[in-house]
Amino acid sequence: MSTETTGAAASPAAGHPKADGRKRRRDPLLRMIGLARPRGGRFALGVLLGAAATGSGVALLGVAAWMLATAADHPSITALSVAVVATRALGVSKGVARYLERLVTHDAAFRTLAEVRVRVYERLAATEPFGRFRSGDLMSRLVNDTEATLDLLVRGLTPPLVSVVTGGATVLFLTVVYVPGGLLLAAGLLLAGLAVPLAAAALGRGPGEREARARGKLSTTLVDTLQGAPDLVAYGAMDRQVARVHEADAELTRVARRDAATLGMSAGAGALITGLTVWGALFLGVLAVADGSIGATALAVLVLTTLAAFEIVAPLPAVAARLGSIRASGERLFGVLDTPPGIAPPAREGLEIDPEADATVRVRDLRVRYGPEEPWALDGVDLEIPAGATVAVVGPSGAGKSTLASVLLRFRDPDGGRVEIGGADITGYPADEVRRVVSGVPQDPHVFASTLRENLRLARPGAEDDELWSALRRARLAGEVEAMPKGLDTQVGSHGVGLSGGMRQRLALARAVLAAPRVLVLDEPTAHLDPDTRDGVVEDLLAAARGFSTLLITHDLTGLDRVDRIYVVRDGRVLQSGTHEELLAEPGWYRAVGVR
Amino acid sequence: MKPLDPRLVRTAAAVRTHLAVTVASGVLITGLILAQAWLLARVVTGAWAGEGMDALGWMIAAVAAVAVARALLSYLAEASALHSAARTKSQLRRRLIAHVTGSGKVWLAEGGDREDGSPRAGELVTLATRGLDALDEYFSRYLPQLVLAVIVPFAVLAVVFWADWISGIVILVTLPLIPVFMALIGMHTQQRTERQWRLLSRLGGHFLDVVEGLPTLAVFRRAKAQAAIIRKVGEDHRAATMGTLRIAFLSAFALELLATLAVALVAVEVGLRLLGGHMDYQTALLVLILAPEAYLPLREVGARFHASMEGVAAADQVFTELDRRRGTTTGEDREEGGAAPVADAPSHSPSPAAAGDIRFEGVGLLYPDRDIPALSGLDLTVRAGEHLLLTGPSGSGKTTLLSLLLRLAEPTEGRISVRAPGGGWAPLERVPADDWRLGIAWVPQHPYLFDVSVADNIRLGAPDADMDRVREAARLAEADGFVSALPDGYGTRLGERGARLSAGQRQRIALARAMCRDAPLVLLDEPTAHLDPENARAVRTAVTRLLEGRTALIVAHDTGWAESALGGNLRTAELPLLSREAHR
């Protein structure tokens, strides 16, 4: 079993010295942006449109200021005609450009997201499933992390680039009008758009972490209270537990209130910089008009453009505040994308297992471990599944039984020894070719949120209904499906919640029967079943498996008197082997725990 | 969804304080905006008319003062908003917790089957923590902006009218169009957007489903084909989403277009009248500077609407939760008042009846909203000191019987009576629930271990127990060996749901808990059901010790072990199956 191998997560490259650490140090944000490279053209167009929109807003006020200042001297109407047209055009172009920008960037981001999803999926498909990405929580977090790419590309990539383009252009323009005014605006924009958001993010990190800790504590206590409620009530401990929740809540509130002062700082700093820059432009401008270096028209343009220019950096504080969580998502995402594949590709592609060959599976001195420092999960296992025989591998949790299934189903390569089918090493064949011959019920078989028919057809696409029914009959599920009003078209719900535990296992079994492999691997088929159902399932499994070579992996000793041979595995080694009667006759683990 | 939930204002005192502060700072900020506009227009006009620094100096200084005041105000408003948000969240959280833990009799009984209860609990936890955190955004960003969106446009409009009524009319005509357009387009897109979000979440669900099912897909050689499907679903989703976004973005587009176009119209119109000499320069500048300010708060409030509504939605969920639970309990008057006799005053000591006989007469339980009773027509007597093994198929109400004895639910038919040694029969309802439970030790099928030390887990039902008693209980429960081997022994924290321990070890901690409780009545629910043979053996040994000299009800599917372990003192009763549906 590989649940103990989570430690390997810290060093994904550990088992595969070929994977180097070259990529490790690059910022995940940059790498996420790198994912968008195939859509670079669309994003560039989005930035240009965004710059046009923001620029229109700033230019509108600048042009209008020039128009008023010019009109104040009462020239002829022709002097204003260009400005009038420009003002009206800018009034329209801002909205249009903004609309187009949002469409273009969203489209590009959704395209990128679709590609990233496929990449994540393909990478997961190539790694061992029972390893560190196994738990449902981790999976759903990974899906959310994938979606974070969208967030970054839409909100985190375009707005800063737009700010750089528009801010640069505005500063350049004001420098032409009046050099000190341009420099002042440059300083103001850099402070408000870069320094304040970054400082706020840095200042917010401490409070953020403190708050996350306090929230985590509250969360744990709450989970305990709600899920442990029957135990708490039965033992009269609910009042004490609620007091602990209040304590955790008070702590969280205390932390949040103390840090409110720090977090309010950035709002104040932004307003201060904007106001003081406008004041500075006014002050410098009035002095310049007084000594004649600029005209009164330029003063109006200078002041009103400066006033409008802070719209350019307005979105940036929100961007900076999000980057932290997006970066964390990126780190986890690349944690998956950087994981080396669980199996090396075969030396020669397209090799097929001889369908005429004897299907006997021979495991020779098989050794597997999940990292160079880890203990051996399988430490020299020898066993044989003769063609047509049923063999059981039993032993306590953590004995290495599921690792054996993992190797047989080609989820991972052996670190030593070999597995042969019909005399040939299975690592020489493509994974899917081995799975044509060796298939079955993996640990925790998944029931997809679809119909029964689709769930069955997975094993044999295009199978006719009578084939499905015959598989259901062999798994002893046909009666229950017939009783359902919609029969094979019944929707089973997410994870098959519409089915009982026993029905889910029987469905998985029917699927395996339908796939008709020559070697059937059944990995803990009775786990998570209540005892009422368990005995029936074992019986049906063994009946359905008749005619296949079968490997039954289990920690439960029910029904083993009907298998041909039993291997007792503990700490990665075979301790005993023989028939049920033989093992009961000799002293050892089997007899010790097998007798009730 | 309402921008300001009246229930939120009513419930949380912090919300009322926050509203007052927000309105006050909104008025001040509006004043500062007007002052800045007037000062800028006046100084620029003065410089144009040839006034020097000596005449304009104080006004320029005033601009700096306005800037500092605005910054200070923003800072204070934000800090106070986060402050209020923290207080409001705490108030809502406490009400939610009090409600869920206090009155949830029915809920707890259903929670006895924890497989059903846990997702709900998970949702509640998320709601109480991260869900409510969305109120931060609502308080510090949305509400202040909402207040400004009400005050600023009117103030600006008034000033512009006073300065130049023609520009005032342009703004007056265009300004109301913004909310009207937003509402029109909003109504049209809302349905489509909602459908789109459902589609999006379904896509997320599909991806998750496929990723979780990868081993199964791989075993049947479908993993590669699925990549193409993911690509296609993603592409379809993009096309569908973009279709919606084209319309959804229209509302922002209309807003932006109206606001900018109105400013442009005002600018051109004052420019031409200034040219014609019908208006002075300072007024023209004042109108130009103020015009965008009238639209800005409306745009901001629109932009922040969606992010902030998450907070409102979370608060709404809390209120729904508070209402709904209250509804189920008060709706069932059998549960709370009515026929049930009032219990005696609690004595805070174990009820002597727990050491006596228990009688069930026609007892049944029908949970609200269920068609099939969880238990029906049960007649049974348990005598003091007896060990009763209850068997029967799943769905026959074995666990329900235990939750009735635990007083997690009250029977909806029949009655349960108890008789203290040497006393007479009395209805169980008369015994205060807390006193009754003090006489019970319970070992559920999936005992819950808390994220505290091993010792505190063991003394859950006996908080005053010293370490010697804890260690003795663990020793009798066959748990001392593995607990001592933990890094900090009995001081080791167990992690969420006792993650450090195996199922068998958790079961033995639960047995130690029952030992430590030292109660005369023991309830055991499938104590060895999910254990491997080695652990099951240790649990059997511990159970034998626990039951010595105590009355016990044991629910088990497998009769063999109990008979062999407990021997002579054991009586077996079988519960019939209630219905086919219940036995899925």
# chains A, B, ... in the order shown; residues from 1 in each chain; ligands from 1

$ interface_residues --of "chain B" --to "chain A" --cutoff "6 Å" --atoms "only C-alpha atoms" --output "PyMOL selection string"
chain B and resi 48+63-64+67-68+71-72+74-75+78-79+82-83+86+121+213+215-216+219-221+234+238+253+256-257+260-261+264+267-268+271+274-275+281+448+450+461+533-534

$ residues_around --residues "Met59 in chain B" --least-positions-apart "5" --cutoff "9 Å" --atoms "only C-alpha atoms" --output "PyMOL selection string"
chain B and resi 39-40+42-43+64

$ residues_around --residues "Leu542 in chain A" --least-positions-apart "5" --cutoff "12 Å" --atoms "only C-alpha atoms" --output "PyMOL selection string"
chain A and resi 389-392+474-476+506+509+513+520-522+525+535-537+547-552+558-564

$ select_by_dssp --residues "range 436-516 of chain B" --states "strand (DSSP E)" --output "list in words"
Ile440, Ala441, Trp442 and Val443 of chain B

$ residues_around --residues "Arg364 in chain A" --least-positions-apart "4" --cutoff "9 Å" --atoms "only C-alpha atoms" --output "ChimeraX atom specification"
/A:380-384,417-420

$ write_last_selection --atoms "N, CA and C atoms" --output "mmCIF file, in the first residue's frame"
data_model
loop_
_atom_site.group_PDB
_atom_site.id
_atom_site.type_symbol
_atom_site.label_atom_id
_atom_site.label_comp_id
_atom_site.auth_asym_id
_atom_site.auth_seq_id
_atom_site.Cartn_x
_atom_site.Cartn_y
_atom_site.Cartn_z
ATOM 1 N N GLY A 380 11.466 -8.281 -2.727
ATOM 2 C CA GLY A 380 11.794 -9.619 -3.226
ATOM 3 C C GLY A 380 10.621 -10.575 -3.190
ATOM 4 N N VAL A 381 9.559 -10.240 -3.900
ATOM 5 C CA VAL A 381 8.361 -11.087 -3.897
ATOM 6 C C VAL A 381 8.405 -12.058 -5.091
ATOM 7 N N ASP A 382 8.160 -13.338 -4.812
ATOM 8 C CA ASP A 382 8.023 -14.338 -5.877
ATOM 9 C C ASP A 382 6.636 -14.931 -5.785
ATOM 10 N N LEU A 383 5.916 -14.924 -6.878
ATOM 11 C CA LEU A 383 4.661 -15.671 -6.881
ATOM 12 C C LEU A 383 4.251 -15.993 -8.307
ATOM 13 N N GLU A 384 3.246 -16.861 -8.437
ATOM 14 C CA GLU A 384 2.852 -17.317 -9.761
ATOM 15 C C GLU A 384 1.339 -17.419 -9.810
ATOM 16 N N GLY A 417 13.833 -6.930 -10.025
ATOM 17 C CA GLY A 417 13.053 -8.117 -10.372
ATOM 18 C C GLY A 417 12.185 -7.873 -11.587
ATOM 19 N N ARG A 418 11.311 -8.839 -11.887
ATOM 20 C CA ARG A 418 10.494 -8.681 -13.084
ATOM 21 C C ARG A 418 9.161 -9.394 -12.960
ATOM 22 N N VAL A 419 8.214 -8.961 -13.836
ATOM 23 C CA VAL A 419 6.919 -9.617 -13.921
ATOM 24 C C VAL A 419 6.794 -10.126 -15.346
ATOM 25 N N GLU A 420 6.502 -11.419 -15.486
ATOM 26 C CA GLU A 420 6.399 -11.986 -16.834
ATOM 27 C C GLU A 420 4.982 -12.459 -17.120
#

$ closest_residue --among "B:Pro487, B:Pro352, B:Gly414, B:Gly52" --to "Gly439 in chain B" --atoms "only C-alpha atoms"
B:Pro352

$ residues_around --residues "Ile151 in chain B" --least-positions-apart "5" --cutoff "8 Å" --atoms "only C-alpha atoms" --output "list in words"
Gly26, Val27 and Thr30 of chain B

$ write_last_selection --atoms "N, CA and C atoms" --output "compact mmCIF listing (two decimals), in the first residue's frame"
# COMPACT_ATOMS: atom_id res chain seq x y z
N GLY B 26 -18.64 59.00 4.12
CA GLY B 26 -19.09 59.27 2.76
C GLY B 26 -19.41 60.75 2.57
N VAL B 27 -20.08 61.35 3.56
CA VAL B 27 -20.41 62.79 3.48
C VAL B 27 -19.14 63.61 3.45
N THR B 30 -17.36 63.31 0.11
CA THR B 30 -18.03 64.10 -0.92
C THR B 30 -17.64 65.57 -0.80

$ atom_distance --atom1 "CA of Ala243 in chain A" --atom2 "CA of Ala98 in chain B"
10.5 Å

$ closest_atom_pairs --of "range 421-502 of chain A" --to "range 339-349 of chain A" --cutoff "6 Å" --atoms "only C-alpha atoms" --output "CSV"
residue,atom,partner,partner_atom,distance
A:Gly428,CA,A:Pro346,CA,5.0
A:Tyr429,CA,A:Pro346,CA,5.7
A:Pro430,CA,A:Pro346,CA,5.9

$ write_last_selection --atoms "N, CA and C atoms" --output "mmCIF file, in the first residue's frame"
data_model
loop_
_atom_site.group_PDB
_atom_site.id
_atom_site.type_symbol
_atom_site.label_atom_id
_atom_site.label_comp_id
_atom_site.auth_asym_id
_atom_site.auth_seq_id
_atom_site.Cartn_x
_atom_site.Cartn_y
_atom_site.Cartn_z
ATOM 1 N N GLY A 428 8.431 -4.549 -21.344
ATOM 2 C CA GLY A 428 8.773 -4.430 -22.764
ATOM 3 C C GLY A 428 7.587 -4.012 -23.629
ATOM 4 N N TYR A 429 6.362 -4.021 -23.062
ATOM 5 C CA TYR A 429 5.175 -3.714 -23.849
ATOM 6 C C TYR A 429 4.621 -2.335 -23.477
ATOM 7 N N PRO A 430 3.907 -1.698 -24.399
ATOM 8 C CA PRO A 430 3.212 -0.459 -24.024
ATOM 9 C C PRO A 430 2.205 -0.759 -22.909
#

$ select_by_dssp --residues "range 420-501 of chain A" --states "helix (DSSP H, G or I)" --output "PDB file with C-alpha atoms, in the first residue's frame"
ATOM      1  CA  ILE A 426       5.793  -6.786 -19.130  1.00  0.00           C
ATOM      2  CA  THR A 427       7.978  -3.652 -19.119  1.00  0.00           C
ATOM      3  CA  GLY A 428       8.773  -4.430 -22.764  1.00  0.00           C
ATOM      4  CA  ALA A 431       1.139   0.012 -20.853  1.00  0.00           C
ATOM      5  CA  ASP A 432      -2.199  -0.241 -22.674  1.00  0.00           C
ATOM      6  CA  GLU A 433      -1.112  -3.513 -24.307  1.00  0.00           C
ATOM      7  CA  VAL A 434      -0.426  -5.045 -20.892  1.00  0.00           C
ATOM      8  CA  ARG A 435      -3.815  -3.723 -19.666  1.00  0.00           C
ATOM      9  CA  ARG A 436      -5.510  -5.493 -22.568  1.00  0.00           C
ATOM     10  CA  VAL A 437      -4.361  -8.727 -20.976  1.00  0.00           C
ATOM     11  CA  LEU A 452     -25.029   2.681 -15.765  1.00  0.00           C
ATOM     12  CA  ARG A 453     -24.671   1.935 -19.467  1.00  0.00           C
ATOM     13  CA  GLU A 454     -21.863   4.462 -19.934  1.00  0.00           C
ATOM     14  CA  ASN A 455     -20.124   3.212 -16.817  1.00  0.00           C
ATOM     15  CA  LEU A 456     -20.177  -0.318 -18.179  1.00  0.00           C
ATOM     16  CA  ARG A 457     -19.269   0.537 -21.750  1.00  0.00           C
ATOM     17  CA  ASP A 465     -27.025  -4.243 -24.371  1.00  0.00           C
ATOM     18  CA  ASP A 466     -27.160  -8.058 -24.218  1.00  0.00           C
ATOM     19  CA  GLU A 467     -23.412  -8.123 -23.547  1.00  0.00           C
ATOM     20  CA  LEU A 468     -23.943  -5.575 -20.744  1.00  0.00           C
ATOM     21  CA  TRP A 469     -26.758  -7.643 -19.252  1.00  0.00           C
ATOM     22  CA  SER A 470     -24.706 -10.812 -19.360  1.00  0.00           C
ATOM     23  CA  ALA A 471     -21.861  -9.047 -17.516  1.00  0.00           C
ATOM     24  CA  LEU A 472     -24.368  -7.722 -14.964  1.00  0.00           C
ATOM     25  CA  ARG A 473     -25.719 -11.225 -14.485  1.00  0.00           C
ATOM     26  CA  ARG A 474     -22.239 -12.620 -13.823  1.00  0.00           C
ATOM     27  CA  ALA A 478     -28.842  -7.784 -13.136  1.00  0.00           C
ATOM     28  CA  GLY A 479     -31.822  -8.215 -10.803  1.00  0.00           C
ATOM     29  CA  GLU A 480     -31.312  -4.883  -9.093  1.00  0.00           C
ATOM     30  CA  VAL A 481     -30.789  -3.040 -12.387  1.00  0.00           C
ATOM     31  CA  GLU A 482     -33.928  -4.594 -13.824  1.00  0.00           C
ATOM     32  CA  ALA A 483     -35.843  -3.293 -10.828  1.00  0.00           C
ATOM     33  CA  GLY A 487     -32.698   0.267 -16.169  1.00  0.00           C
ATOM     34  CA  LEU A 488     -29.350   0.791 -17.854  1.00  0.00           C
ATOM     35  CA  ASP A 489     -30.174   4.480 -18.392  1.00  0.00           C
ATOM     36  CA  SER A 494     -21.414  11.729  -8.589  1.00  0.00           C
ATOM     37  CA  HIS A 495     -19.211   8.851  -7.346  1.00  0.00           C
ATOM     38  CA  GLY A 496     -22.225   6.598  -7.790  1.00  0.00           C
ATOM     39  CA  GLY A 501     -21.540   0.207  -1.602  1.00  0.00           C
TER      40      GLY A 501
END

$ atom_distance --atom1 "CA of Val568 in chain A" --atom2 "CA of Arg591 in chain A"
10.8 Å

$ atom_distance --atom1 "CA of Ala399 in chain A" --atom2 "CA of Ala377 in chain A"
7.3 Å
